[in-house]
Amino acid sequence: MVAAVPSAGDALDTSAAISIRGLVKRYGDFVAVDGLDLDIRRGEIFALLGPNGAGKTTTVEICEGYRKRDAGEVRVLGEDPADGARRWKAQLGIVLQSGAGDSQLTCRELLRAQASYFSDPRDPDEVLQLVGLTEKANVRGRALSGGQRRRLDVALGIVGRPTLLFLDEPTTGFDPEARRQFWSLIRSLRELGTTMLLTTHYLDEAEALADRVGVIAHGRLMEVAVPSSLGGRETAPAVVSWTEDGVRRSADTATPTAFVRELAARFPGEVPDLAVARPTLEDVYLRMIGEPA
Amino acid sequence: MTMTPVRPDVALPPLASVYRTRGSVELKEFFRQRESVVFTLLFPVILLVVFGAVLDYDIGGGVTFTQYFMAGIVAAGILGASLQNMAISIATERSDGTLKSLAGTPMPKSAYFIGKIVQVLAVTLLIIAILLAVGVLAYGIDLPSGSDWFTFAWVAALGSASCTLLGIAVSSLAKNGRSASAMVTPIALVLQFISGVFFQFSQVPVWMQTVASFFPLKWMAQGLRSVFLPDALASAEPAGSWELGRVALVLALWCLAGLALCVATFRWQDRGTD
């Protein structure tokens, strides 16, 4: 399955959760986003993957209404984020990279306050349970550990029952177990129909969660694909390697099974140190974000 | 390009309930933070106790220095609860991302400022009440009488409003709470010295009096002296009277200037991130 990717000349898709055409953002001479086109469908989890400084946060914060764009068109839930109407914001959940700030209020008080800005919020105690902070309900925000604080950020992002949830590097600083818990939380939100735009620099996170992945580097989308076919990974040549006459040898082949059968015929028994490998997501990712040759 | 209208089926909660939430959030944020309670609320009380115990002399007409100091320390207390408190707390909330997060919610922006006003009002009333109680019980201060209460109310209200607006404006100049504190604390201290809080204003050099008269604290202190001191002492003022009309005028002008500065400078996120 290859996902449709819009190009600069296409019309905005106002039925999409997010539709972006020709987005440009400059900071002085630095071009942070350089002509980006993207549609994110309602109900999908889309991961923007890229190294630091690639333009992930700039793109996301333009969609959230925090930053002004220099050129291009953006529609989020059918509206221009630059307008930033309250009724539009009422449909969003935003988890900022920088977090939600320090507070003397307890987790439960913070969630109740946040819930009061929405007309049909989730129950704060249910949300605390969902993010695994029930035991910290009466602990002040500033007394939480880094990972707990991030979970509180996510809780604050979802308590308003958003149609569209932005998650900007939500699991930075999580230990592996906390990350697994977070992933299952995201999957359960997906089942409730929440559209999510996630940025991450963890490949495994994008692969585990996203319906589609967009790789961004130097302010441009290098590719948009389902994780398994990113970079032509599913049809990329396999690498067969073995040892022959004491020398490590390898060959790229589109037909590894046939190649191995031939190889087996050349050796009386086992092929020494035989290995067949396909490019990992990391291989294709690193190739994509590398400086253009 | 046609604009899709805002979906009419998305409801928003009533304003009054969001205002209530913000008021309660701001009260908890203030009273649960030990530093703000100690510096804003207790520091003026400590000064009153110390000055009252040390400087117990007659400033003329049978009036004690403590009676004089009462007007000044109430003015300084209002300054702390409004200008210093707002400048530091808002700069902190801007640098730690609290403001940016709020800006991403459907909370009406007015609710943030309503919450701050509730906080300033509560802290100001509490400071005044504690100062008056300590003054009366420990130092036998004469409470204002009759129409002096009315003057007290409007001077405190106008002074507090102008300094709150100024504090909100000043918060935008600082990088974070720490730098706001480093900027605004010395300024407040100098203003207190030259505005007749710690010394009798008539003993402050004339050029310092002139500098002080550009800022609200001098006028607030002067208005409050008319409340706490017998009218016979009005002759010690630079103009030979309490100048209440001018007090009202200058404080009102500072309200307008502060409001204009707030509108022009208020930011919901750090500079350079838009």
# chains A, B, ... in the order shown; residues from 1 in each chain; ligands from 1
>>> interface_residues(of="chain B", to="chain A", cutoff="7 Å", atoms="only C-alpha atoms", output="list in words")
Thr4, Val6, Val10, Ala11, Leu12, Pro13, Val18, Thr21, Lys28, Glu29, Arg32, Gln33, Asp96, Gly97, Thr98, Ser101, Gly104, Thr105, Pro106, Met107 and Asp274 of chain B
>>> select_by_dssp(residues="stretch 60-257 of chain A", states="strand (DSSP E)", output="ChimeraX atom specification")
/A:71-76,92-95,164-168,195-200,212-217,220-225,238-244,247-253
>>> residues_around(residues="B:Cys255", least_positions_apart="2", cutoff="8 Å", atoms="only C-alpha atoms", output="PyMOL selection string")
chain B and resi 158+161-163+165-166+251-253+257-259
>>> write_last_selection(atoms="N, CA and C atoms", output="PDB file, in the first residue's frame")
ATOM      1  N   LEU B 158      -7.053  52.482  42.819  1.00  0.00           N
ATOM      2  CA  LEU B 158      -6.363  53.073  41.657  1.00  0.00           C
ATOM      3  C   LEU B 158      -4.881  52.701  41.645  1.00  0.00           C
ATOM      4  N   ALA B 161      -4.589  49.037  40.694  1.00  0.00           N
ATOM      5  CA  ALA B 161      -4.883  48.823  39.272  1.00  0.00           C
ATOM      6  C   ALA B 161      -3.720  49.275  38.401  1.00  0.00           C
ATOM      7  N   SER B 162      -3.190  50.474  38.678  1.00  0.00           N
ATOM      8  CA  SER B 162      -2.103  50.976  37.827  1.00  0.00           C
ATOM      9  C   SER B 162      -0.868  50.102  37.970  1.00  0.00           C
ATOM     10  N   CYS B 163      -0.563  49.666  39.196  1.00  0.00           N
ATOM     11  CA  CYS B 163       0.648  48.852  39.401  1.00  0.00           C
ATOM     12  C   CYS B 163       0.471  47.430  38.862  1.00  0.00           C
ATOM     13  N   LEU B 165      -1.295  46.673  36.146  1.00  0.00           N
ATOM     14  CA  LEU B 165      -1.103  46.817  34.696  1.00  0.00           C
ATOM     15  C   LEU B 165       0.374  47.003  34.361  1.00  0.00           C
ATOM     16  N   LEU B 166       1.057  47.827  35.177  1.00  0.00           N
ATOM     17  CA  LEU B 166       2.489  48.025  34.948  1.00  0.00           C
ATOM     18  C   LEU B 166       3.263  46.727  35.128  1.00  0.00           C
ATOM     19  N   LEU B 251      -2.570  58.653  39.108  1.00  0.00           N
ATOM     20  CA  LEU B 251      -2.789  57.195  39.158  1.00  0.00           C
ATOM     21  C   LEU B 251      -3.663  56.744  37.985  1.00  0.00           C
ATOM     22  N   ALA B 252      -4.665  57.551  37.643  1.00  0.00           N
ATOM     23  CA  ALA B 252      -5.526  57.191  36.504  1.00  0.00           C
ATOM     24  C   ALA B 252      -4.736  57.203  35.206  1.00  0.00           C
ATOM     25  N   LEU B 253      -3.843  58.201  35.061  1.00  0.00           N
ATOM     26  CA  LEU B 253      -3.007  58.249  33.856  1.00  0.00           C
ATOM     27  C   LEU B 253      -2.099  57.024  33.763  1.00  0.00           C
ATOM     28  N   ALA B 257      -1.721  54.352  30.802  1.00  0.00           N
ATOM     29  CA  ALA B 257      -0.418  54.037  30.204  1.00  0.00           C
ATOM     30  C   ALA B 257      -0.106  52.553  30.364  1.00  0.00           C
ATOM     31  N   GLY B 258      -0.386  52.025  31.548  1.00  0.00           N
ATOM     32  CA  GLY B 258      -0.123  50.600  31.806  1.00  0.00           C
ATOM     33  C   GLY B 258      -0.948  49.716  30.894  1.00  0.00           C
ATOM     34  N   LEU B 259      -2.211  50.084  30.709  1.00  0.00           N
ATOM     35  CA  LEU B 259      -3.086  49.302  29.837  1.00  0.00           C
ATOM     36  C   LEU B 259      -2.567  49.316  28.400  1.00  0.00           C
TER      37      LEU B 259
END
>>> atom_distance(atom1="atom CA of A:Ala238", atom2="atom CA of A:Thr200")
27.5 Å
>>> residues_around(residues="A:Thr172", least_positions_apart="2", cutoff="12 Å", atoms="only C-alpha atoms", output="VMD selection string")
chain A and resid 96 to 99 146 to 151 167 to 170 174 to 176 178 to 179 182 199 to 202 205
>>> closest_residue(among="A:Ala206, A:Val276, A:Ala16, A:Ile158", to="A:Val239", atoms="only C-alpha atoms")
A:Val276
>>> select_by_dssp(residues="stretch 40-220 of chain B", states="helix (DSSP H, G or I)", output="PyMOL selection string")
chain B and resi 40-54+65-95+98-103+109-139+148-171+177-194+201-203+206-212+216-220
>>> residues_around(residues="stretch 40-55 of chain B", least_positions_apart="3", cutoff="9 Å", atoms="only C-alpha atoms", output="list of chain:residue names")
B:Glu35, B:Ser36, B:Val37, B:Thr64, B:Phe65, B:Thr66, B:Gln67, B:Phe69, B:Met70, B:Ile73, B:Val74, B:Ala76, B:Gly77, B:Gly80, B:Ala81, B:Gln84, B:Asn85, B:Val123, B:Thr124, B:Leu126, B:Ile127, B:Ile130, B:Leu131, B:Val134, B:Gly135, B:Ala138, B:Tyr139, B:Phe198
>>> residues_around(residues="B:Lys100", least_positions_apart="6", cutoff="7 Å", atoms="only C-alpha atoms", output="list in words")
Arg94, Trp268 and Gln269 of chain B
>>> write_last_selection(atoms="N, CA and C atoms", output="CSV table (one decimal), in the first residue's frame")
chain,number,residue,atom,x,y,z
B,94,ARG,N,5.5,32.7,31.7
B,94,ARG,CA,5.8,32.7,30.2
B,94,ARG,C,7.0,31.9,29.9
B,268,TRP,N,2.2,35.6,24.7
B,268,TRP,CA,1.8,34.3,25.3
B,268,TRP,C,2.9,33.3,25.2
B,269,GLN,N,4.0,33.6,24.5
B,269,GLN,CA,5.2,32.7,24.5
B,269,GLN,C,6.4,33.6,24.4
>>> residues_around(residues="A:Ile216", least_positions_apart="2", cutoff="8 Å", atoms="only C-alpha atoms", output="list in words")
Leu48, Leu49, Gly50, Pro51, Ala54, Gly55, Lys56, Gly214, His218, Gly219, Arg220, Leu221, Met222, Glu223 and Ile289 of chain A
>>> atom_distance(atom1="atom CA of A:Ala47", atom2="atom CA of A:Glu207")
8.8 Å
>>> atom_distance(atom1="atom CA of B:Ile168", atom2="atom CA of B:Glu93")
11.6 Å
